[in-house]
file input_15.cif (mmCIF, C-alpha atoms, pLDDT in the B column; chains and numbers go by the auth columns)
data_data
#
loop_
_atom_site.group_PDB
_atom_site.id
_atom_site.type_symbol
_atom_site.label_atom_id
_atom_site.label_comp_id
_atom_site.label_asym_id
_atom_site.label_seq_id
_atom_site.Cartn_x
_atom_site.Cartn_y
_atom_site.Cartn_z
_atom_site.B_iso_or_equiv
_atom_site.auth_seq_id
_atom_site.auth_asym_id
ATOM 1 C CA MET A 1 129.767 129.313 120.297 71.00 270 A
ATOM 2 C CA LEU A 2 126.179 129.606 119.031 71.00 271 A
ATOM 3 C CA LYS A 3 126.786 133.133 117.799 74.00 272 A
ATOM 4 C CA LYS A 4 129.843 131.995 115.821 75.00 273 A
ATOM 5 C CA SER A 5 127.886 129.124 114.270 76.00 274 A
ATOM 6 C CA LEU A 6 125.065 131.455 113.251 71.00 275 A
ATOM 7 C CA LEU A 7 127.527 133.981 111.854 74.00 276 A
ATOM 8 C CA ILE A 8 129.262 131.287 109.779 77.00 277 A
ATOM 9 C CA PHE A 9 125.900 129.963 108.592 75.00 278 A
ATOM 10 C CA PHE A 10 124.711 133.407 107.447 75.00 279 A
ATOM 11 C CA LEU A 11 128.065 134.127 105.828 75.00 280 A
ATOM 12 C CA LEU A 12 127.830 130.897 103.835 75.00 281 A
ATOM 13 C CA LEU A 13 124.246 131.704 102.934 77.00 282 A
ATOM 14 C CA LEU A 14 125.317 135.155 101.727 75.00 283 A
ATOM 15 C CA ILE A 15 128.111 133.664 99.613 75.00 284 A
ATOM 16 C CA ALA A 16 125.672 131.169 98.072 70.00 285 A
ATOM 17 C CA ALA A 17 123.194 133.957 97.305 70.00 286 A
ATOM 18 C CA VAL A 18 125.859 136.101 95.629 72.00 287 A
ATOM 19 C CA TYR A 19 127.088 133.105 93.622 69.00 288 A
ATOM 20 C CA GLY A 20 123.514 132.312 92.543 67.00 289 A
ATOM 21 C CA TRP A 21 122.889 135.919 91.566 68.00 290 A
ATOM 22 C CA MET A 22 126.049 136.029 89.462 66.00 291 A
ATOM 23 C CA ASN A 23 125.123 132.803 87.623 63.00 292 A
ATOM 24 C CA ARG A 24 121.402 133.451 87.210 64.00 293 A
ATOM 25 C CA GLU A 25 121.551 133.963 83.430 66.00 294 A
ATOM 26 C CA SER A 26 123.176 130.617 82.705 62.00 295 A
ATOM 27 C CA TRP A 27 120.773 128.886 85.085 58.00 296 A
ATOM 28 C CA LEU A 28 117.772 130.587 83.474 64.00 297 A
ATOM 29 C CA ALA A 29 118.912 129.635 79.972 64.00 298 A
ATOM 30 C CA GLY A 30 119.234 125.995 81.026 66.00 299 A
ATOM 31 C CA PHE A 31 115.858 126.066 82.740 66.00 300 A
ATOM 32 C CA ASN A 32 114.157 127.586 79.691 69.00 301 A
ATOM 33 C CA GLN A 33 115.718 125.018 77.384 79.00 302 A
ATOM 34 C CA GLU A 34 114.616 122.151 79.624 82.00 303 A
ATOM 35 C CA ARG A 35 111.101 123.620 79.913 80.00 304 A
ATOM 36 C CA ALA A 36 110.815 123.950 76.108 82.00 305 A
ATOM 37 C CA LEU A 37 111.793 120.300 75.622 87.00 306 A
ATOM 38 C CA THR A 38 109.321 119.134 78.262 88.00 307 A
ATOM 39 C CA THR A 39 106.535 121.242 76.751 89.00 308 A
ATOM 40 C CA ALA A 40 107.236 119.855 73.269 91.00 309 A
ATOM 41 C CA LYS A 41 107.139 116.296 74.638 94.00 310 A
ATOM 42 C CA PHE A 42 103.770 116.749 76.367 93.00 311 A
ATOM 43 C CA LYS A 43 102.331 118.560 73.346 94.00 312 A
ATOM 44 C CA GLN A 44 103.389 115.767 71.007 96.00 313 A
ATOM 45 C CA GLU A 45 101.996 113.110 73.352 95.00 314 A
ATOM 46 C CA GLY A 46 98.711 114.999 73.672 95.00 315 A
ATOM 47 C CA GLU A 47 98.320 115.389 69.923 96.00 316 A
ATOM 48 C CA SER A 48 99.132 111.732 69.382 96.00 317 A
ATOM 49 C CA VAL A 49 96.562 110.563 71.928 95.00 318 A
ATOM 50 C CA GLY A 50 94.000 113.079 70.668 95.00 319 A
ATOM 51 C CA LYS A 51 94.055 111.596 67.179 95.00 320 A
ATOM 52 C CA THR A 52 92.701 108.317 68.556 96.00 321 A
ATOM 53 C CA VAL A 53 90.162 109.415 71.185 96.00 322 A
ATOM 54 C CA GLY A 54 87.269 111.788 71.833 95.00 323 A
ATOM 55 C CA GLN A 55 87.259 115.018 73.811 96.00 324 A
ATOM 56 C CA GLN A 56 85.908 113.445 77.004 95.00 325 A
ATOM 57 C CA ASP A 57 88.615 110.784 76.787 96.00 326 A
ATOM 58 C CA CYS A 58 91.255 113.529 76.604 95.00 327 A
ATOM 59 C CA LEU A 59 89.933 115.049 79.807 94.00 328 A
ATOM 60 C CA ASP A 60 89.634 111.684 81.551 93.00 329 A
ATOM 61 C CA ILE A 61 93.165 110.619 80.559 94.00 330 A
ATOM 62 C CA THR A 62 94.609 113.948 81.650 93.00 331 A
ATOM 63 C CA LEU A 63 92.874 113.866 85.023 90.00 332 A
ATOM 64 C CA LYS A 64 93.986 110.278 85.592 90.00 333 A
ATOM 65 C CA GLN A 65 97.604 111.207 84.825 88.00 334 A
ATOM 66 C CA PHE A 66 97.276 114.294 87.003 86.00 335 A
ATOM 67 C CA ASP A 67 95.648 112.668 90.042 80.00 336 A
ATOM 68 C CA GLY A 68 97.876 113.174 93.048 74.00 337 A
ATOM 69 C CA CYS A 69 100.182 115.575 91.259 77.00 338 A
ATOM 70 C CA LEU A 70 101.196 118.272 93.684 77.00 339 A
ATOM 71 C CA SER A 71 103.846 120.210 91.809 80.00 340 A
ATOM 72 C CA TYR A 72 103.327 123.258 89.649 83.00 341 A
ATOM 73 C CA SER A 73 105.312 121.789 86.746 85.00 342 A
ATOM 74 C CA CYS A 74 103.176 118.651 86.741 86.00 343 A
ATOM 75 C CA THR A 75 100.036 120.763 86.506 88.00 344 A
ATOM 76 C CA VAL A 76 101.477 122.805 83.636 91.00 345 A
ATOM 77 C CA ASN A 77 102.601 119.658 81.801 92.00 346 A
ATOM 78 C CA GLN A 78 99.140 118.114 82.060 93.00 347 A
ATOM 79 C CA GLY A 79 97.604 121.394 80.867 93.00 348 A
ATOM 80 C CA VAL A 80 99.803 121.276 77.753 95.00 349 A
ATOM 81 C CA PHE A 81 98.839 117.638 77.199 96.00 350 A
ATOM 82 C CA LEU A 82 95.113 118.389 77.550 95.00 351 A
ATOM 83 C CA LYS A 83 95.164 121.389 75.224 94.00 352 A
ATOM 84 C CA ALA A 84 97.036 119.430 72.550 96.00 353 A
ATOM 85 C CA CYS A 85 94.803 116.385 72.976 96.00 354 A
ATOM 86 C CA LEU A 86 91.605 118.425 72.664 95.00 355 A
ATOM 87 C CA SER A 87 92.916 120.115 69.530 95.00 356 A
ATOM 88 C CA GLN A 88 93.048 116.736 67.762 95.00 357 A
ATOM 89 C CA ALA A 89 90.236 114.778 69.423 95.00 358 A
ATOM 90 C CA LYS A 90 86.935 113.731 67.909 94.00 359 A
ATOM 91 C CA GLN A 91 83.933 115.662 69.124 93.00 360 A
ATOM 92 C CA THR A 92 82.214 114.082 72.112 92.00 361 A
ATOM 93 C CA GLN A 93 78.468 114.604 72.336 94.00 362 A
ATOM 94 C CA GLY A 94 77.677 116.663 75.442 93.00 363 A
ATOM 95 C CA PHE A 95 81.321 117.452 76.281 94.00 364 A
ATOM 96 C CA CYS A 96 80.556 121.142 76.688 93.00 365 A
ATOM 97 C CA ASP A 97 77.079 120.781 78.200 92.00 366 A
ATOM 98 C CA GLY A 98 76.893 122.505 81.560 89.00 367 A
ATOM 99 C CA VAL A 99 80.415 123.903 81.272 91.00 368 A
ATOM 100 C CA PRO A 100 80.470 127.545 82.403 91.00 369 A
ATOM 101 C CA GLU A 101 81.624 130.159 79.945 90.00 370 A
ATOM 102 C CA TYR A 102 85.320 131.022 80.209 90.00 371 A
ATOM 103 C CA ARG A 103 86.072 134.268 82.025 88.00 372 A
ATOM 104 C CA GLU A 104 89.376 135.875 82.919 87.00 373 A
ATOM 105 C CA LYS A 105 88.022 136.430 86.418 88.00 374 A
ATOM 106 C CA PRO A 106 85.858 133.426 87.309 85.00 375 A
ATOM 107 C CA THR A 107 82.721 133.826 89.378 89.00 376 A
ATOM 108 C CA GLU A 108 82.073 131.828 92.544 90.00 377 A
ATOM 109 C CA ASP A 109 79.779 129.540 90.527 89.00 378 A
ATOM 110 C CA ASP A 110 82.607 128.918 88.051 85.00 379 A
ATOM 111 C CA LYS A 111 84.993 128.076 90.876 86.00 380 A
ATOM 112 C CA ASN A 112 82.473 125.756 92.503 89.00 381 A
ATOM 113 C CA TRP A 113 81.818 123.972 89.205 91.00 382 A
ATOM 114 C CA ALA A 114 85.521 123.136 88.855 88.00 383 A
ATOM 115 C CA LYS A 115 85.991 122.334 92.535 87.00 384 A
ATOM 116 C CA TYR A 116 83.083 119.912 92.710 90.00 385 A
ATOM 117 C CA TYR A 117 83.967 118.287 89.389 89.00 386 A
ATOM 118 C CA CYS A 118 87.350 117.401 90.882 88.00 387 A
ATOM 119 C CA TRP A 119 85.995 116.459 94.306 89.00 388 A
ATOM 120 C CA ASP A 120 83.228 114.279 92.882 89.00 389 A
ATOM 121 C CA ARG A 121 85.863 112.278 90.997 87.00 390 A
ATOM 122 C CA ASN A 122 88.193 112.180 94.030 87.00 391 A
ATOM 123 C CA ILE A 123 91.012 113.864 92.112 83.00 392 A
ATOM 124 C CA ARG A 124 93.631 115.210 94.465 75.00 393 A
ATOM 125 C CA GLY A 125 95.722 118.262 93.740 69.00 394 A
ATOM 126 C CA GLU A 126 94.801 121.918 93.495 75.00 395 A
ATOM 127 C CA GLY A 127 95.826 122.019 89.836 83.00 396 A
ATOM 128 C CA CYS A 128 92.721 120.050 88.896 86.00 397 A
ATOM 129 C CA ARG A 129 90.830 123.335 88.792 86.00 398 A
ATOM 130 C CA PHE A 130 93.382 124.682 86.335 86.00 399 A
ATOM 131 C CA LEU A 131 92.721 121.712 84.065 89.00 400 A
ATOM 132 C CA MET A 132 88.989 122.306 84.283 91.00 401 A
ATOM 133 C CA LYS A 133 89.668 125.892 83.266 90.00 402 A
ATOM 134 C CA GLN A 134 91.214 124.433 80.106 90.00 403 A
ATOM 135 C CA GLN A 135 87.911 122.697 79.360 93.00 404 A
ATOM 136 C CA LYS A 136 86.003 125.949 79.928 93.00 405 A
ATOM 137 C CA TYR A 137 88.321 127.792 77.559 92.00 406 A
ATOM 138 C CA PHE A 138 88.077 125.054 74.916 93.00 407 A
ATOM 139 C CA CYS A 139 84.268 124.956 75.093 93.00 408 A
ATOM 140 C CA SER A 140 84.014 128.759 74.936 90.00 409 A
ATOM 141 C CA GLN A 141 85.996 128.718 71.693 88.00 410 A
ATOM 142 C CA GLN A 142 83.632 126.213 70.048 79.00 411 A
#
call {"tool": "encode", "arguments": {"input": "input_15.cif", "output": "structure tokens"}}
result
Amino acid sequence: MLKKSLLIFFLLLLIAAVYGWMNRESWLAGFNQERALTTAKFKQEGESVGKTVGQQDCLDITLKQFDGCLSYSCTVNQGVFLKACLSQAKQTQGFCDGVPEYREKPTEDDKNWAKYYCWDRNIRGEGCRFLMKQQKYFCSQQ
């Protein structure tokens, strides 16, 4: 009985996998369209907020919105928001002070800087370090 149940389960799983494989292009097109709309929304919101605040405010708002976010898409959305916000924000005195230079391959000191910035502010979620990388990149371009 158990063998038959497992066989039926794997057969159904195989059918689902084949069906998914055959429809992957339509699924991918829908996903890409949805992702583009979401990205545009967060970019527009970031630019709008950035026109009214300073650079440090952009970072603070982004981290507050991000806090507790555990999904990859949430992290990406907040990264888009932050980048757009910073592009429009007023300069904040000292915003880039002490920020390590951006590197493709961060050093241990770079990683610790981001980690402790997040920990010291009690911001949950591994993506916080990604957002701090956005600040490093922004400051390196200035």
call {"tool": "residues_around", "arguments": {"input": "input_15.cif", "residues": "segment 394-399 of chain A", "least_positions_apart": "6", "cutoff": "9 Å", "atoms": "all atoms listed in the file", "output": "PyMOL selection string"}}
result
chain A and resi 332+335-341+343-345+348+380+383-384+386-387
call {"tool": "resolve_selection", "arguments": {"input": "input_15.cif", "expression": "the PyMOL selection byres ((chain A and resi 365) around 12)", "output": "ChimeraX atom specification"}}
result
/A:324-325,328,360-364,366-371,401,403-411
call {"tool": "closest_residue", "arguments": {"input": "input_15.cif", "among": "A:Trp382, A:Trp388, A:Cys327, A:Phe350", "to": "Lys402 of chain A", "atoms": "only C-alpha atoms"}}
result
A:Trp382
call {"tool": "atom_distance", "arguments": {"input": "input_15.cif", "atom1": "atom CA of Lys310 of chain A", "atom2": "atom CA of Lys333 of chain A"}}
result
18.1 Å
call {"tool": "closest_residue", "arguments": {"input": "input_15.cif", "among": "A:Leu276, A:Leu351, A:Val287, A:Met270", "to": "Lys312 of chain A", "atoms": "only C-alpha atoms"}}
result
A:Leu351
call {"tool": "closest_residue", "arguments": {"input": "input_15.cif", "among": "A:Ser342, A:Thr331, A:Thr321, A:Thr376", "to": "Lys359 of chain A", "atoms": "all atoms listed in the file"}}
result
A:Thr321
call {"tool": "axis_aligned_box", "arguments": {"input": "input_15.cif", "around": "segment 365-376 of chain A", "padding_each_side": "5 Å", "output": "AutoDock Vina command-line options"}}
result
--center_x 83.1 --center_y 128.6 --center_z 83.0 --size_x 22.5 --size_y 25.6 --size_z 22.7
call {"tool": "atom_distance", "arguments": {"input": "input_15.cif", "atom1": "atom CA of Arg372 of chain A", "atom2": "atom CA of Tyr385 of chain A"}}
result
18.1 Å
call {"tool": "build_atoms", "arguments": {"input": "input_15.cif", "residues": "segment 351-362 of chain A", "atoms": "N, CA, C and O atoms", "output": "compact mmCIF listing (two decimals), in the coordinates of the input"}}
result
# COMPACT_ATOMS: atom_id res chain seq x y z
N LEU A 351 96.55 118.29 77.77
CA LEU A 351 95.11 118.39 77.55
C LEU A 351 94.79 119.30 76.37
O LEU A 351 93.98 118.95 75.52
N LYS A 352 95.43 120.45 76.32
CA LYS A 352 95.16 121.39 75.22
C LYS A 352 95.50 120.75 73.88
O LYS A 352 94.73 120.86 72.92
N ALA A 353 96.63 120.07 73.80
CA ALA A 353 97.04 119.43 72.55
C ALA A 353 96.10 118.28 72.20
O ALA A 353 95.73 118.09 71.04
N CYS A 354 95.71 117.51 73.19
CA CYS A 354 94.80 116.38 72.98
C CYS A 354 93.46 116.88 72.45
O CYS A 354 92.93 116.35 71.45
N LEU A 355 92.89 117.89 73.09
CA LEU A 355 91.60 118.42 72.66
C LEU A 355 91.66 118.99 71.25
O LEU A 355 90.67 118.93 70.52
N SER A 356 92.80 119.53 70.86
CA SER A 356 92.92 120.12 69.53
C SER A 356 92.81 119.07 68.42
O SER A 356 92.49 119.39 67.29
N GLN A 357 93.06 117.80 68.75
CA GLN A 357 93.05 116.74 67.76
C GLN A 357 91.89 115.76 67.94
O GLN A 357 91.60 114.96 67.05
N ALA A 358 91.22 115.80 69.06
CA ALA A 358 90.24 114.78 69.42
C ALA A 358 88.94 114.90 68.63
O ALA A 358 88.57 115.98 68.15
N LYS A 359 88.26 113.76 68.52
CA LYS A 359 86.94 113.73 67.91
C LYS A 359 85.96 114.38 68.87
O LYS A 359 86.10 114.29 70.09
N GLN A 360 84.94 115.01 68.30
CA GLN A 360 83.93 115.66 69.12
C GLN A 360 83.19 114.62 69.95
O GLN A 360 82.81 113.57 69.45
N THR A 361 82.99 114.93 71.21
CA THR A 361 82.21 114.08 72.11
C THR A 361 80.88 114.77 72.38
O THR A 361 80.86 115.92 72.83
N GLN A 362 79.80 114.06 72.10
CA GLN A 362 78.47 114.60 72.34
C GLN A 362 78.32 114.98 73.81
O GLN A 362 78.59 114.17 74.69
